[in-house]
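What follows is a single structure, written as structure tokens, with notes after it.
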Amino acid sequence: MTRPISRFPIPESIQDLPEDIRDAILAVQEKAGFVPNVFLMLAHRPDEFRAFFAYHDALMERESDTLTQAEKEMIVVALSARNRCLYCVVAHGALLRIYSKDPLLADQVAINHRVAEISERHRVMLDFALHSGLGVGELDDDWAARLEAAGFTRDDSWDIGAIAAFFGLSNRLVTLAGTPPNPEFYLMGRVPREK
């Protein structure tokens, strides 16, 4: 049985979309080999699609002081698991497996980062991400000292909190729409990619 991609309208054809959105979707399809459902789910509101992916890319693609792509994906997976967002756990779990080159890490972080086989730096990072994404999120003197002791800069602290805040929004939109993860995400980073 196939689940619908969204409880809201999705484009009947990618060709019907504004050119910039069509180009963005075709570019991700070229890179991934499929169109992630979240792109189609958001496409029915072009202005929101543009704003969402502009901020996503600004956070996730920017060069951070010390945060790696894998660490950013760890934040997304840990927060998304706590928000019970299947789409983001599965999709970003795939990216975490790829960036970290560790097929077990995403599952461990999603279930309980406090017992996962990660460094103390990563534990502090994820504790702060959950504080930011689920709680009040204030960067008080105690948190600033803990993050600095773990090797994070003040800019890194912003990145951790901003990624957690943004993916709280993402988790809720995907859940609102009932968007399932693409089946392709489940095996990414677990089995070698076909050439």
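Residue numbering restarts at 1 in every chain; chains get A, B, ... in the order shown in the structure tokens, and ligands count up from 1 in that same order.
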Contacts of stretch 43-50 of chain A at 7 Å (only C-alpha atoms; same-chain gap of 2+ positions) as an NGL selection string: :A and (9-11 or 39-41 or 52-54)
Can you write just those residues out, all heavy atoms, as a CSV table (one decimal), in the first residue's frame?
```csv
chain,number,residue,atom,x,y,z
A,9,PRO,N,-2.0,19.6,-1.2
A,9,PRO,CA,-1.8,19.3,-2.7
A,9,PRO,C,-0.3,19.2,-3.0
A,9,PRO,O,0.6,19.8,-2.3
A,9,PRO,CB,-2.3,20.6,-3.3
A,9,PRO,CG,-3.2,21.3,-2.3
A,9,PRO,CD,-2.7,20.8,-1.0
A,10,ILE,N,0.0,18.3,-3.9
A,10,ILE,CA,1.4,18.3,-4.5
A,10,ILE,C,1.2,18.5,-6.0
A,10,ILE,O,0.2,18.3,-6.6
A,10,ILE,CB,2.1,16.9,-4.2
A,10,ILE,CG1,1.3,15.8,-4.8
A,10,ILE,CG2,2.3,16.8,-2.7
A,10,ILE,CD1,2.2,14.5,-4.8
A,11,PRO,N,2.3,19.0,-6.6
A,11,PRO,CA,2.2,19.3,-8.0
A,11,PRO,C,1.9,18.0,-8.8
A,11,PRO,O,2.5,17.0,-8.5
A,11,PRO,CB,3.6,19.9,-8.4
A,11,PRO,CG,4.5,19.4,-7.3
A,11,PRO,CD,3.6,19.3,-6.1
A,39,PHE,N,10.4,17.9,-0.8
A,39,PHE,CA,10.4,18.9,-1.9
A,39,PHE,C,9.1,19.0,-2.5
A,39,PHE,O,8.6,20.1,-2.8
A,39,PHE,CB,11.5,18.6,-2.9
A,39,PHE,CG,12.9,18.9,-2.5
A,39,PHE,CD1,13.6,18.1,-1.7
A,39,PHE,CD2,13.5,20.1,-3.0
A,39,PHE,CE1,14.9,18.4,-1.3
A,39,PHE,CE2,14.8,20.4,-2.6
A,39,PHE,CZ,15.5,19.5,-1.7
A,40,LEU,N,8.4,17.9,-2.8
A,40,LEU,CA,7.1,17.9,-3.4
A,40,LEU,C,6.1,18.4,-2.4
A,40,LEU,O,5.1,19.1,-2.7
A,40,LEU,CB,6.8,16.5,-3.8
A,40,LEU,CG,7.7,15.9,-4.9
A,40,LEU,CD1,7.4,14.5,-5.2
A,40,LEU,CD2,7.7,16.8,-6.2
A,41,MET,N,6.2,18.0,-1.1
A,41,MET,CA,5.3,18.4,-0.1
A,41,MET,C,5.3,20.0,0.1
A,41,MET,O,4.2,20.6,0.2
A,41,MET,CB,5.7,17.8,1.3
A,41,MET,CG,4.8,18.2,2.5
A,41,MET,SD,5.3,19.6,3.4
A,41,MET,CE,6.7,19.0,4.3
A,52,PHE,N,12.1,28.2,3.1
A,52,PHE,CA,12.5,27.1,3.8
A,52,PHE,C,13.9,26.6,3.3
A,52,PHE,O,14.8,26.4,4.1
A,52,PHE,CB,11.5,25.9,3.6
A,52,PHE,CG,11.8,24.7,4.3
A,52,PHE,CD1,11.3,24.5,5.6
A,52,PHE,CD2,12.6,23.7,3.8
A,52,PHE,CE1,11.6,23.3,6.3
A,52,PHE,CE2,12.9,22.5,4.4
A,52,PHE,CZ,12.4,22.3,5.7
A,53,PHE,N,14.0,26.4,2.0
A,53,PHE,CA,15.3,25.9,1.5
A,53,PHE,C,16.4,26.9,1.5
A,53,PHE,O,17.6,26.5,1.7
A,53,PHE,CB,15.1,25.2,0.2
A,53,PHE,CG,14.4,23.9,0.3
A,53,PHE,CD1,13.1,23.7,-0.2
A,53,PHE,CD2,15.1,22.8,0.9
A,53,PHE,CE1,12.5,22.5,0.0
A,53,PHE,CE2,14.5,21.6,1.0
A,53,PHE,CZ,13.2,21.4,0.6
A,54,ALA,N,16.1,28.2,1.5
A,54,ALA,CA,17.1,29.2,1.6
A,54,ALA,C,17.7,29.1,3.0
A,54,ALA,O,18.9,29.2,3.2
A,54,ALA,CB,16.6,30.6,1.3
```
Residues within 10 Å of stretch 76-91 of chain A, only C-alpha atoms, excluding chain neighbours under 2 positions, as a PyMOL selection string: chain A and resi 36-38+70-74+93-96+106-113+126-127+129-134+160+163-168+170-175+178-188
Based on the selection just made, write C-alpha atoms of those residues as a short mmCIF file (atom, residue, chain, number, x, y, z; two decimals), in the first residue's frame.
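Writing done, so here's again.cif:
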```cif
data_model
loop_
_atom_site.label_atom_id
_atom_site.label_comp_id
_atom_site.auth_asym_id
_atom_site.auth_seq_id
_atom_site.Cartn_x
_atom_site.Cartn_y
_atom_site.Cartn_z
CA PRO A 36 12.86 13.62 -1.70
CA ASN A 37 9.20 13.82 -0.71
CA VAL A 38 9.72 16.97 1.35
CA ALA A 70 28.22 14.88 10.15
CA GLU A 71 27.84 16.83 13.41
CA LYS A 72 25.11 18.99 11.87
CA GLU A 73 23.26 15.85 10.80
CA MET A 74 23.68 14.38 14.31
CA GLY A 93 19.95 9.49 9.34
CA ALA A 94 20.93 8.53 5.78
CA LEU A 95 22.98 11.72 5.44
CA LEU A 96 24.59 11.13 8.83
CA ALA A 106 22.44 7.44 13.12
CA ASP A 107 20.46 4.67 14.81
CA GLN A 108 22.37 5.12 18.08
CA VAL A 109 21.87 8.90 18.08
CA ALA A 110 18.19 8.56 17.22
CA ILE A 111 17.48 6.10 20.03
CA ASN A 112 19.51 7.73 22.83
CA HIS A 113 22.55 9.90 22.22
CA LEU A 126 23.42 17.13 21.36
CA ASP A 127 22.42 18.03 24.93
CA ALA A 129 20.67 21.01 20.68
CA LEU A 130 17.85 19.37 22.61
CA HIS A 131 17.89 22.22 25.16
CA SER A 132 17.57 24.64 22.23
CA GLY A 133 15.07 22.67 20.19
CA LEU A 134 12.80 21.34 22.92
CA ILE A 160 23.76 24.26 17.03
CA ILE A 163 19.82 24.02 13.40
CA ALA A 164 17.78 22.67 16.32
CA ALA A 165 15.25 25.49 16.00
CA PHE A 166 14.94 25.16 12.22
CA PHE A 167 14.45 21.41 12.33
CA GLY A 168 11.81 21.80 15.03
CA SER A 170 10.75 21.12 9.70
CA ASN A 171 9.66 18.24 11.94
CA ARG A 172 6.33 19.87 12.58
CA LEU A 173 5.63 20.68 8.91
CA VAL A 174 6.44 17.14 7.78
CA THR A 175 4.29 15.71 10.57
CA GLY A 178 1.92 13.31 6.98
CA THR A 179 4.87 13.07 4.60
CA PRO A 180 6.58 9.66 4.65
CA PRO A 181 10.29 9.19 3.99
CA ASN A 182 11.25 7.96 0.54
CA PRO A 183 12.11 4.24 0.61
CA GLU A 184 15.53 5.05 -0.90
CA PHE A 185 16.64 6.79 2.31
CA TYR A 186 16.46 3.60 4.38
CA LEU A 187 19.42 1.91 2.68
CA MET A 188 21.59 4.97 2.01
#
```
Residue with smallest distance to A:Ile21 - pool A:Pro103, A:Thr66, A:Leu42, A:Val115, counting only C-alpha atoms: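 Smallest separation from A:Ile21 among the options: A:Leu42.
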Filtered DSSP result for stretch 65-116 of chain A, state alpha helix (DSSP H), as a PyMOL selection string: chain A and resi 69-82+86-100+105-112
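Ranking A:Ala51, A:Val28, A:Ile75, A:Val35 by their shortest atom-to-atom distance to A:Phe128, with only C-alpha atoms included, puts A:Ile75 first.
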Given only C-alpha atoms as the counted atoms, nearest of A:Asp156, A:Leu105, A:Ala149, A:Ala162 to A:His92: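 Using only C-alpha atoms, the shortest distance to A:His92 belongs to A:Leu105.
Residues surrounding A:Glu148 within 12 Å are A:Thr66, A:Arg121, A:Val124, A:Met125, A:Phe128, A:Leu139, A:Asp141, A:Asp142, A:Trp143, A:Ala144, A:Ala145, A:Gly151, A:Phe152, A:Thr153, A:Arg154, A:Asp155, A:Asp156, A:Ser157 [only C-alpha atoms; sequence separation below 3 positions excluded].
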Atom CA of A:His56 to atom CA of A:Glu19, straight-line distance in Å: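 Result for atom CA of A:Glu19 versus atom CA of A:His56: 19.6 Å, one decimal.
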Long-range neighbours of A:Gly189 as a PyMOL selection string, 6 Å cut-off, only C-alpha atoms, 2 positions minimum in chain: chain A and resi 94+97-98+191
Atomic separation - atom CA of A:Gln69 relative to atom CA of A:Leu147, Å: 18.0 Å
Pick from A:His122, A:Arg62, A:Lys31, A:Arg190, whichever lies nearest to A:Asp102 using only C-alpha atoms: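 Of all the options, A:Arg190 lies closest to A:Asp102.
A straight line drawn from atom CA of A:Glu30 to atom CA of A:Ile14 is 13.8 Å long.
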